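Below is model-v5.cif, which holds mmCIF, C-alpha atoms and all ligand atoms.
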```cif
data_my_file
loop_
_atom_site.label_atom_id
_atom_site.label_comp_id
_atom_site.auth_asym_id
_atom_site.auth_seq_id
_atom_site.Cartn_x
_atom_site.Cartn_y
_atom_site.Cartn_z
CA MET A 1 66.59 130.28 85.01
CA SER A 2 69.75 128.20 85.23
CA GLY A 3 69.61 124.45 85.96
CA HIS A 4 70.57 122.83 89.26
CA LEU A 5 72.31 119.62 90.21
CA HIS A 6 70.14 117.27 92.23
CA PRO A 7 71.37 117.19 95.87
CA ILE A 8 72.18 113.46 95.56
CA THR A 9 74.49 114.20 92.61
CA THR A 10 76.19 116.90 94.67
CA ALA A 11 76.56 114.56 97.65
CA ILE A 12 78.15 111.83 95.50
CA ARG A 13 80.62 114.39 94.09
CA ASP A 14 81.47 115.63 97.61
CA ILE A 15 81.97 112.04 98.81
CA TYR A 16 84.25 111.31 95.81
CA ALA A 17 86.32 114.40 96.53
CA ILE A 18 86.88 113.50 100.20
CA PHE A 19 87.75 109.84 99.63
CA THR A 20 89.98 110.44 96.59
CA LYS A 21 92.11 112.70 98.82
CA MET A 22 92.52 109.68 101.11
CA GLY A 23 93.72 107.53 98.19
CA PHE A 24 90.46 105.74 97.33
CA ASP A 25 89.43 104.83 93.76
CA VAL A 26 85.80 104.72 92.62
CA ALA A 27 84.26 101.41 91.51
CA LEU A 28 80.80 100.63 90.16
CA GLY A 29 78.71 97.47 89.79
CA PRO A 30 75.40 96.32 88.30
CA GLU A 31 72.05 97.15 89.89
CA LEU A 32 70.60 93.89 88.57
CA GLU A 33 72.58 91.35 90.60
CA THR A 34 72.52 87.61 91.19
CA GLU A 35 71.71 85.86 94.44
CA PHE A 36 75.35 84.74 94.60
CA TYR A 37 76.81 88.27 94.70
CA ASN A 38 74.03 89.93 96.69
CA PHE A 39 73.85 87.25 99.43
CA ASP A 40 75.83 83.97 99.15
CA ALA A 41 79.32 85.36 98.59
CA LEU A 42 78.66 87.82 101.42
CA ASN A 43 78.16 84.96 103.86
CA VAL A 44 74.42 85.70 104.30
CA PRO A 45 72.79 82.45 105.47
CA LYS A 46 70.19 80.84 103.17
CA ASP A 47 67.44 81.33 105.76
CA HIS A 48 68.34 84.96 106.58
CA PRO A 49 65.19 87.15 106.80
CA ALA A 50 66.73 89.75 104.47
CA ARG A 51 66.22 87.33 101.59
CA ASP A 52 62.46 87.29 102.18
CA MET A 53 60.00 88.50 99.63
CA GLN A 54 59.38 91.49 101.91
CA ASP A 55 62.82 92.98 101.60
CA THR A 56 64.11 91.81 98.26
CA PHE A 57 62.86 92.39 94.74
CA TRP A 58 63.42 88.98 93.14
CA ILE A 59 63.21 89.23 89.38
CA LYS A 60 61.13 86.67 87.51
CA HIS A 61 63.06 84.69 84.96
CA GLU A 62 61.86 82.22 82.33
CA SER A 63 64.14 79.43 83.53
CA ASP A 64 63.43 79.85 87.27
CA GLU A 65 64.00 76.10 87.74
CA ASN A 66 67.73 75.61 87.77
CA MET A 67 69.50 78.92 88.19
CA MET A 68 72.98 77.66 88.97
CA ASN A 69 76.25 78.16 87.15
CA GLU A 70 79.42 76.51 88.49
CA GLY A 71 77.82 76.20 91.94
CA ARG A 72 76.75 79.85 91.99
CA SER A 73 73.11 80.91 92.12
CA THR A 74 72.33 83.10 89.11
CA ARG A 75 68.83 83.93 90.37
CA PRO A 76 68.35 87.60 89.47
CA VAL A 77 67.70 90.22 92.14
CA LEU A 78 67.71 94.00 92.32
CA ARG A 79 70.67 94.61 94.61
CA THR A 80 69.57 95.40 98.18
CA HIS A 81 72.92 97.04 99.00
CA THR A 82 76.20 98.07 97.35
CA SER A 83 78.13 95.30 99.16
CA PRO A 84 78.06 92.83 96.18
CA VAL A 85 80.50 95.19 94.42
CA GLN A 86 83.03 94.25 97.15
CA ILE A 87 83.05 90.69 95.78
CA ARG A 88 83.10 91.74 92.12
CA TYR A 89 86.05 94.06 92.76
CA MET A 90 88.02 91.53 94.83
CA GLU A 91 87.55 88.89 92.11
CA SER A 92 88.95 91.11 89.39
CA HIS A 93 91.73 93.14 91.06
CA LYS A 94 94.99 92.34 92.76
CA PRO A 95 95.22 93.78 96.30
CA PRO A 96 96.12 96.07 97.98
CA TYR A 97 93.40 98.59 97.11
CA ARG A 98 90.91 101.01 98.58
CA ILE A 99 87.65 101.79 96.84
CA ILE A 100 84.34 103.52 97.36
CA VAL A 101 81.22 102.43 95.52
CA PRO A 102 78.26 104.78 95.25
CA GLY A 103 75.06 103.47 93.71
CA LYS A 104 71.35 102.78 93.73
CA CYS A 105 69.86 100.02 95.85
CA TYR A 106 66.35 98.58 96.03
CA ARG A 107 64.27 97.14 98.85
CA ASN A 108 60.72 95.91 98.86
CA GLU A 109 59.74 98.08 101.83
CA ALA A 110 56.77 100.27 102.68
CA THR A 111 58.01 103.83 102.21
CA ASP A 112 57.94 106.32 105.05
CA ALA A 113 59.89 109.42 106.08
CA THR A 114 63.17 107.50 106.33
CA HIS A 115 62.65 104.58 103.91
CA GLU A 116 62.38 104.51 100.14
CA ALA A 117 62.08 101.46 97.87
CA GLN A 118 64.94 102.94 95.80
CA PHE A 119 67.76 104.76 97.55
CA TYR A 120 71.51 105.36 97.31
CA GLN A 121 74.30 103.83 99.35
CA VAL A 122 78.02 104.39 99.40
CA GLU A 123 80.19 101.38 100.13
CA GLY A 124 83.86 101.39 101.11
CA LEU A 125 86.37 98.56 100.91
CA VAL A 126 90.03 98.49 101.88
CA ILE A 127 92.14 95.36 101.39
CA ASP A 128 95.76 95.24 102.47
CA LYS A 129 98.14 93.27 104.67
CA ASN A 130 97.18 94.94 107.94
CA ALA A 131 93.81 96.68 107.70
CA SER A 132 92.47 97.28 111.21
CA LEU A 133 89.49 98.60 113.13
CA ALA A 134 91.64 101.56 114.18
CA GLU A 135 92.26 102.48 110.53
CA LEU A 136 88.55 102.03 109.79
CA LYS A 137 87.67 104.42 112.60
CA GLY A 138 90.30 106.94 111.50
CA THR A 139 89.08 106.79 107.89
CA LEU A 140 85.42 107.30 108.80
CA ASP A 141 86.25 110.02 111.32
CA THR A 142 88.18 111.91 108.64
CA PHE A 143 85.29 111.47 106.21
CA PHE A 144 82.61 112.70 108.63
CA LYS A 145 84.71 115.66 109.76
CA SER A 146 85.26 116.67 106.14
CA TYR A 147 81.60 116.21 105.20
CA PHE A 148 79.85 117.68 108.26
CA GLY A 149 82.52 119.85 109.89
CA PRO A 150 85.34 119.52 112.45
CA ASP A 151 83.09 119.18 115.52
CA VAL A 152 81.56 115.84 114.51
CA GLU A 153 82.46 112.86 116.68
CA THR A 154 82.38 109.21 115.53
CA ARG A 155 81.48 106.22 117.72
CA PHE A 156 81.37 102.47 117.08
CA ARG A 157 78.74 100.16 118.60
CA PRO A 158 79.07 96.36 118.31
CA SER A 159 76.66 94.99 115.73
CA PHE A 160 76.14 92.08 113.37
CA PHE A 161 76.42 91.81 109.60
CA PRO A 162 77.21 88.35 108.18
CA PHE A 163 79.96 89.76 105.95
CA VAL A 164 82.12 91.25 108.72
CA GLU A 165 83.71 90.06 111.97
CA PRO A 166 83.68 92.03 114.17
CA GLY A 167 80.81 94.19 112.93
CA VAL A 168 79.95 97.65 114.13
CA GLU A 169 77.30 100.28 113.70
CA VAL A 170 78.69 103.76 113.25
CA ASP A 171 77.10 106.72 115.02
CA ILE A 172 78.03 110.35 114.64
CA ARG A 173 77.40 113.15 117.12
CA TRP A 174 75.91 115.98 115.14
CA LYS A 175 73.96 118.93 116.55
CA ASP A 176 74.26 117.31 120.02
CA LYS A 177 72.55 114.04 119.07
CA TRP A 178 74.05 110.60 118.42
CA LEU A 179 72.73 109.23 115.11
CA GLU A 180 73.31 105.90 113.42
CA VAL A 181 74.70 106.42 109.92
CA MET A 182 76.54 103.30 108.70
CA GLY A 183 77.34 99.63 109.08
CA ALA A 184 80.99 98.56 109.00
CA GLY A 185 83.58 96.06 110.19
CA LEU A 186 86.52 93.85 109.30
CA VAL A 187 85.86 91.76 106.19
CA HIS A 188 84.84 88.22 107.22
CA PRO A 189 87.35 85.49 106.23
CA ASN A 190 84.53 83.62 104.40
CA VAL A 191 83.96 86.70 102.23
CA LEU A 192 87.66 86.96 101.37
CA LYS A 193 87.63 83.24 100.48
CA ALA A 194 84.46 83.55 98.36
CA ALA A 195 86.22 86.29 96.38
CA GLY A 196 89.37 84.21 95.93
CA LEU A 197 91.65 85.92 98.50
CA ASP A 198 93.65 84.09 101.15
CA PRO A 199 92.49 85.30 104.60
CA ASN A 200 95.90 84.42 106.03
CA GLU A 201 97.54 86.86 103.66
CA TRP A 202 94.98 89.67 103.29
CA LYS A 203 92.86 91.67 105.72
CA GLY A 204 90.17 94.19 104.99
CA PHE A 205 87.67 96.63 106.36
CA ALA A 206 84.42 97.73 104.79
CA PHE A 207 81.60 100.15 105.45
CA GLY A 208 78.30 101.12 103.88
CA GLY A 209 75.71 103.80 104.53
CA GLY A 210 72.76 105.61 102.99
CA ILE A 211 73.48 108.77 101.00
CA GLU A 212 69.99 110.30 101.46
CA ARG A 213 70.36 109.85 105.23
CA LEU A 214 73.63 111.82 105.19
CA LEU A 215 71.96 114.61 103.22
CA MET A 216 68.94 114.60 105.53
CA LEU A 217 71.25 115.16 108.51
CA LYS A 218 73.37 117.79 106.81
CA TYR A 219 70.46 119.91 105.59
CA GLY A 220 67.75 119.07 108.13
CA ILE A 221 65.48 117.37 105.56
CA ASP A 222 62.76 115.50 107.43
CA ASP A 223 61.31 113.27 104.68
CA ILE A 224 63.36 111.11 102.30
CA ARG A 225 60.51 111.12 99.76
CA GLN A 226 61.28 114.76 98.95
CA PHE A 227 64.39 113.67 97.02
CA TYR A 228 62.19 111.85 94.53
CA SER A 229 59.18 114.16 94.45
CA GLY A 230 60.34 115.94 91.29
CA ASP A 231 59.49 119.25 93.00
CA LEU A 232 61.90 121.84 91.60
CA ARG A 233 61.34 124.14 94.57
CA PHE A 234 63.06 121.46 96.66
CA VAL A 235 66.01 121.02 94.27
CA HIS A 236 66.52 124.79 93.89
CA GLN A 237 67.28 125.17 97.59
CA PHE A 238 70.66 123.48 97.19
C1 LIG B 1 77.78 96.84 106.63
C2 LIG B 1 79.07 96.32 106.84
C3 LIG B 1 79.97 96.41 105.80
O1 LIG B 1 81.20 95.86 105.96
C4 LIG B 1 79.66 97.01 104.59
C5 LIG B 1 78.38 97.51 104.40
C6 LIG B 1 77.45 97.43 105.41
C7 LIG B 1 76.06 97.93 105.20
C8 LIG B 1 75.11 96.83 104.75
N1 LIG B 1 75.42 96.38 103.40
C9 LIG B 1 73.68 97.38 104.74
O2 LIG B 1 73.07 97.54 103.70
N2 LIG B 1 73.22 97.70 105.95
S1 LIG B 1 71.78 98.38 106.21
O3 LIG B 1 70.70 97.49 105.76
O4 LIG B 1 71.71 98.74 107.60
O5 LIG B 1 71.71 99.67 105.33
C10 LIG B 1 72.77 100.63 105.45
C11 LIG B 1 72.20 102.02 105.33
O6 LIG B 1 71.45 102.14 104.10
C12 LIG B 1 71.18 102.37 106.42
O7 LIG B 1 71.84 102.80 107.58
C13 LIG B 1 70.43 103.51 105.74
O8 LIG B 1 71.19 104.70 105.82
C14 LIG B 1 70.40 103.05 104.29
N3 LIG B 1 69.11 102.41 103.99
C15 LIG B 1 68.76 101.11 104.17
N4 LIG B 1 67.50 100.87 103.77
C16 LIG B 1 67.03 102.06 103.31
C17 LIG B 1 68.06 103.04 103.46
N5 LIG B 1 67.90 104.32 103.08
C18 LIG B 1 66.71 104.65 102.56
N6 LIG B 1 65.67 103.79 102.37
C19 LIG B 1 65.80 102.49 102.73
N7 LIG B 1 64.80 101.64 102.52
#
```

Take the structure in the file and give it back as structure tokens.
Ligand code: YSA
Amino acid sequence: MSGHLHPITTAIRDIYAIFTKMGFDVALGPELETEFYNFDALNVPKDHPARDMQDTFWIKHESDENMMNEGRSTRPVLRTHTSPVQIRYMESHKPPYRIIVPGKCYRNEATDATHEAQFYQVEGLVIDKNASLAELKGTLDTFFKSYFGPDVETRFRPSFFPFVEPGVEVDIRWKDKWLEVMGAGLVHPNVLKAAGLDPNEWKGFAFGGGIERLLMLKYGIDDIRQFYSGDLRFVHQF
């Protein structure tokens, strides 16, 4: 019997193909992050509930006492999202650019049909002189139409993420239902500053969503845990 690609591998390849056509490059970052990149540089307040033991896998370190380097917290954490790669990329590249970042993320959550402790996200970041919400909507609309088919509609709802202003939640209309699939927005000036960019010169938009959730919608999979069950009968359906 011939081998099969895992559906998540196929999804990442499909996502690459669609975004490269729109001029995006692919960037990657570490899964073991620091508190600075995962939270501080993204403008997440110190007392934000997402930093709690419940959501974040903090990694024990011998020198837990003083984990600072040049004013940055080096406390190790398994990244809870792909957004820290925004900062790493902005620090090391000269704009303008447009990137997508697929990768594994980790959250200390009870697993159920839609939540895993380890899952994949895809992040997007565009930095140029006049990035706008309209361009963000056009980009995501093109992506969803390419991935799901021409009948999909995209809608923005106001929402809050500390690293964007304004922030939106992105819904798509698929099989006659509106479903939430991503967070997005215009990159917050504090985030640009933390990454060394001048907010008066550069603007950006960003988005991030779960890859398993996209696959679940596309193929009608009702339990996220199936992706990690190791059951070949599941994998062979794709
Ligand atoms: C928002 C704005 C931006 O400018 C850029 C990115 C984002 C997204 C933000 N970083 C974030 O992580 N938002 S989120 O907590 O709502 O997660 C985004 C998506 O990841 C969810 O919609 C879901 O599809 C997926 N996700 C989150 N926790 C999950 C999960 N998938 C599976 N299991 C979990 N435990």

Record the distance separating CA of Asp25 in chain A and CA of Lys104 in chain A, expressed in Å with one decimal.
18.2 Å

Which is closest to Asp128 in chain A among A:Gly220, A:Gly29, A:Gly204, A:Pro102, if we use all atoms listed in the file?
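That would be A:Gly204, the residue with the smallest distance to Asp128 in chain A.
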
Looking at all atoms listed in the file, which of A:Pro166, A:Gly138, A:Pro30, A:Gly149 is the one that sits closest to ligand LIG 1 (chain B)?
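Smallest separation from ligand LIG 1 (chain B) among the options: A:Pro166.
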
Around the point (69.5, 99.0, 88.9) (coordinates from the file), which residues reach within 9 Å if we count all atoms listed in the file? Answer as an mmCIF file with C-alpha atoms, in the coordinates of the input.
```cif
data_model
loop_
_atom_site.group_PDB
_atom_site.id
_atom_site.type_symbol
_atom_site.label_atom_id
_atom_site.label_comp_id
_atom_site.auth_asym_id
_atom_site.auth_seq_id
_atom_site.Cartn_x
_atom_site.Cartn_y
_atom_site.Cartn_z
ATOM 1 C CA PRO A 30 75.400 96.320 88.300
ATOM 2 C CA GLU A 31 72.050 97.150 89.890
ATOM 3 C CA LEU A 32 70.600 93.890 88.570
ATOM 4 C CA GLU A 33 72.580 91.350 90.600
ATOM 5 C CA LEU A 78 67.710 94.000 92.320
ATOM 6 C CA ARG A 79 70.670 94.610 94.610
ATOM 7 C CA GLY A 103 75.060 103.470 93.710
ATOM 8 C CA LYS A 104 71.350 102.780 93.730
ATOM 9 C CA CYS A 105 69.860 100.020 95.850
ATOM 10 C CA TYR A 106 66.350 98.580 96.030
#
```

Report, in Å with one decimal, the straight-line distance from atom O5 of ligand LIG 1 (chain B) to CA of Pro45 in chain A.
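Atom-to-atom, atom O5 of ligand LIG 1 (chain B) to CA of Pro45 in chain A, that is 17.3 Å.
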
Counting all atoms listed in the file, which of A:Asp141, A:Glu169, A:Glu153, A:Glu135 gets nearest to ligand LIG 1 (chain B)?
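Checking each candidate against ligand LIG 1 (chain B), we get A:Glu169 as the closest.
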
Counting all atoms listed in the file, which protein, DNA or RNA residues come within 6 Å of ligand LIG 1 (chain B), given as a list in words?
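Using all atoms listed in the file, I find these residues within 6 Å of ligand LIG 1 (chain B): His81, Ser83, Arg107, Thr114, His115, Glu116, Ala117, Phe119, Gln121, Phe161, Val164, Val181, Met182, Gly183, Ala184, Gly185, Ala206, Phe207, Gly208, Gly209, Gly210 and Arg213 of chain A.
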
Tell me, in Å to one decimal, how far CA of Ser159 in chain A is from CA of Asp171 in chain A.
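CA of Asp171 in chain A lies at a distance of 11.8 Å from CA of Ser159 in chain A.
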
Output as AutoDock Vina command-line options the centre and edge lengths (Å, one decimal) of the box along x, y and z of the file that holds every listed atom of range 85-102 of chain A after adding 4 Å on each side.
```
--center_x 87.2 --center_y 96.8 --center_z 94.0 --size_x 25.9 --size_y 23.9 --size_z 17.2
```

Proximity to Asn108 in chain A - best of A:Met67, A:Ala41, A:Ile127, A:Ala50, all atoms listed in the file
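Once distances to Asn108 in chain A are computed over all atoms listed in the file, the minimum belongs to A:Ala50.
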
List as a PyMOL selection string the protein and nucleic acid residues near Phe205 in chain A, meaning an atom at most 8 Å away when only C-alpha atoms are counted, but skip any in the same chain fewer than 4 places from it.
chain A and resi 125-127+131-133+136+184-187

Residue among A:Ile224, A:Thr154, A:Lys129, A:Ile18 lying closest to Pro95 in chain A, counting only C-alpha atoms
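Answer, going by the shortest atom-to-atom distance: A:Lys129.
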
Within 8 Å of (91.1, 88.1, 98.5) (coordinates as in the file), grab all the protein and nucleic acid residues, counting all atoms listed in the file, and write them out as a ChimeraX atom specification.
/A:90-91,95,127,192-193,195-199,202

Write to file, as a short mmCIF file (atom, residue, chain, number, x, y, z; two decimals), in the frame of the given file, the residues of the selection just made, with C-alpha atoms.
```cif
data_model
loop_
_atom_site.label_atom_id
_atom_site.label_comp_id
_atom_site.auth_asym_id
_atom_site.auth_seq_id
_atom_site.Cartn_x
_atom_site.Cartn_y
_atom_site.Cartn_z
CA MET A 90 88.02 91.53 94.83
CA GLU A 91 87.55 88.89 92.11
CA PRO A 95 95.22 93.78 96.30
CA ILE A 127 92.14 95.36 101.39
CA LEU A 192 87.66 86.96 101.37
CA LYS A 193 87.63 83.24 100.48
CA ALA A 195 86.22 86.29 96.38
CA GLY A 196 89.37 84.21 95.93
CA LEU A 197 91.65 85.92 98.50
CA ASP A 198 93.65 84.09 101.15
CA PRO A 199 92.49 85.30 104.60
CA TRP A 202 94.98 89.67 103.29
#
```

Residues within 10 Å of Gly23 in chain A, please, as a list in words. Count all atoms listed in the file; anything in the same chain fewer than 6 positions from it doesn't count.
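Surrounding residues, per the criterion: Tyr97, Arg98 and Ile99 of chain A.
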
Take the residues from that selection and put them in a file with C-alpha atoms, as a PDB file, in the frame of the given file.
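Printed below is part-v3.pdb as written:
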```pdb
ATOM      1  CA  TYR A  97      93.400  98.590  97.110  1.00  0.00           C
ATOM      2  CA  ARG A  98      90.910 101.010  98.580  1.00  0.00           C
ATOM      3  CA  ILE A  99      87.650 101.790  96.840  1.00  0.00           C
TER       4      ILE A  99
END
```

Rank A:Arg155, A:Leu28, A:Ile12, A:Ala194 by their smallest atom-to-atom distance to Lys177 in chain A, using all atoms listed in the file, and report the top residue only.
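Between A:Arg155, A:Leu28, A:Ile12, A:Ala194, the residue approaching Lys177 in chain A most closely is A:Arg155.
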
Just add N, CA, C and O atoms to range 162-183 of chain A and send it as a short mmCIF file (atom, residue, chain, number, x, y, z; two decimals), in the coordinates of the input.
```cif
data_model
loop_
_atom_site.label_atom_id
_atom_site.label_comp_id
_atom_site.auth_asym_id
_atom_site.auth_seq_id
_atom_site.Cartn_x
_atom_site.Cartn_y
_atom_site.Cartn_z
N PRO A 162 76.54 89.64 108.45
CA PRO A 162 77.21 88.35 108.18
C PRO A 162 78.54 88.49 107.46
O PRO A 162 79.37 87.59 107.52
N PHE A 163 78.75 89.62 106.78
CA PHE A 163 79.96 89.76 105.95
C PHE A 163 81.13 90.41 106.67
O PHE A 163 82.17 90.66 106.05
N VAL A 164 80.99 90.69 107.96
CA VAL A 164 82.12 91.25 108.72
C VAL A 164 82.26 90.56 110.07
O VAL A 164 81.31 90.01 110.61
N GLU A 165 83.46 90.58 110.62
CA GLU A 165 83.71 90.06 111.97
C GLU A 165 84.97 90.72 112.52
O GLU A 165 86.04 90.49 111.99
N PRO A 166 84.91 91.58 113.53
CA PRO A 166 83.68 92.03 114.17
C PRO A 166 82.92 93.03 113.30
O PRO A 166 83.49 93.63 112.39
N GLY A 167 81.63 93.20 113.63
CA GLY A 167 80.81 94.19 112.93
C GLY A 167 80.46 95.33 113.86
O GLY A 167 80.36 95.13 115.08
N VAL A 168 80.30 96.49 113.30
CA VAL A 168 79.95 97.65 114.13
C VAL A 168 78.87 98.49 113.43
O VAL A 168 78.73 98.44 112.21
N GLU A 169 78.14 99.24 114.24
CA GLU A 169 77.30 100.28 113.70
C GLU A 169 77.98 101.60 114.02
O GLU A 169 78.58 101.74 115.10
N VAL A 170 77.96 102.52 113.08
CA VAL A 170 78.69 103.76 113.25
C VAL A 170 77.70 104.88 113.55
O VAL A 170 76.74 105.08 112.80
N ASP A 171 77.92 105.56 114.66
CA ASP A 171 77.10 106.72 115.02
C ASP A 171 77.95 107.97 114.88
O ASP A 171 79.17 107.92 115.10
N ILE A 172 77.31 109.08 114.55
CA ILE A 172 78.03 110.35 114.64
C ILE A 172 77.28 111.28 115.58
O ILE A 172 76.05 111.21 115.70
N ARG A 173 78.04 112.14 116.27
CA ARG A 173 77.40 113.15 117.12
C ARG A 173 77.34 114.44 116.32
O ARG A 173 78.35 115.02 115.95
N TRP A 174 76.14 114.84 116.03
CA TRP A 174 75.91 115.98 115.14
C TRP A 174 74.76 116.77 115.73
O TRP A 174 73.72 116.21 116.08
N LYS A 175 74.96 118.06 115.90
CA LYS A 175 73.96 118.93 116.55
C LYS A 175 73.50 118.33 117.88
O LYS A 175 72.31 118.23 118.17
N ASP A 176 74.50 117.83 118.67
CA ASP A 176 74.26 117.31 120.02
C ASP A 176 73.43 116.03 120.12
O ASP A 176 72.96 115.68 121.20
N LYS A 177 73.26 115.33 119.00
CA LYS A 177 72.55 114.04 119.07
C LYS A 177 73.41 112.96 118.45
O LYS A 177 74.10 113.19 117.46
N TRP A 178 73.37 111.74 119.04
CA TRP A 178 74.05 110.60 118.42
C TRP A 178 73.11 109.96 117.41
O TRP A 178 71.97 109.64 117.73
N LEU A 179 73.58 109.78 116.17
CA LEU A 179 72.73 109.23 115.11
C LEU A 179 73.46 108.11 114.39
O LEU A 179 74.66 108.22 114.10
N GLU A 180 72.72 107.03 114.12
CA GLU A 180 73.31 105.90 113.42
C GLU A 180 73.39 106.21 111.92
O GLU A 180 72.40 106.59 111.33
N VAL A 181 74.57 106.05 111.34
CA VAL A 181 74.70 106.42 109.92
C VAL A 181 75.26 105.32 109.01
O VAL A 181 75.12 105.43 107.80
N MET A 182 75.90 104.30 109.56
CA MET A 182 76.54 103.30 108.70
C MET A 182 76.67 101.95 109.38
O MET A 182 76.65 101.87 110.61
N GLY A 183 76.87 100.91 108.58
CA GLY A 183 77.34 99.63 109.08
C GLY A 183 78.77 99.46 108.60
O GLY A 183 79.14 99.99 107.56
#
```
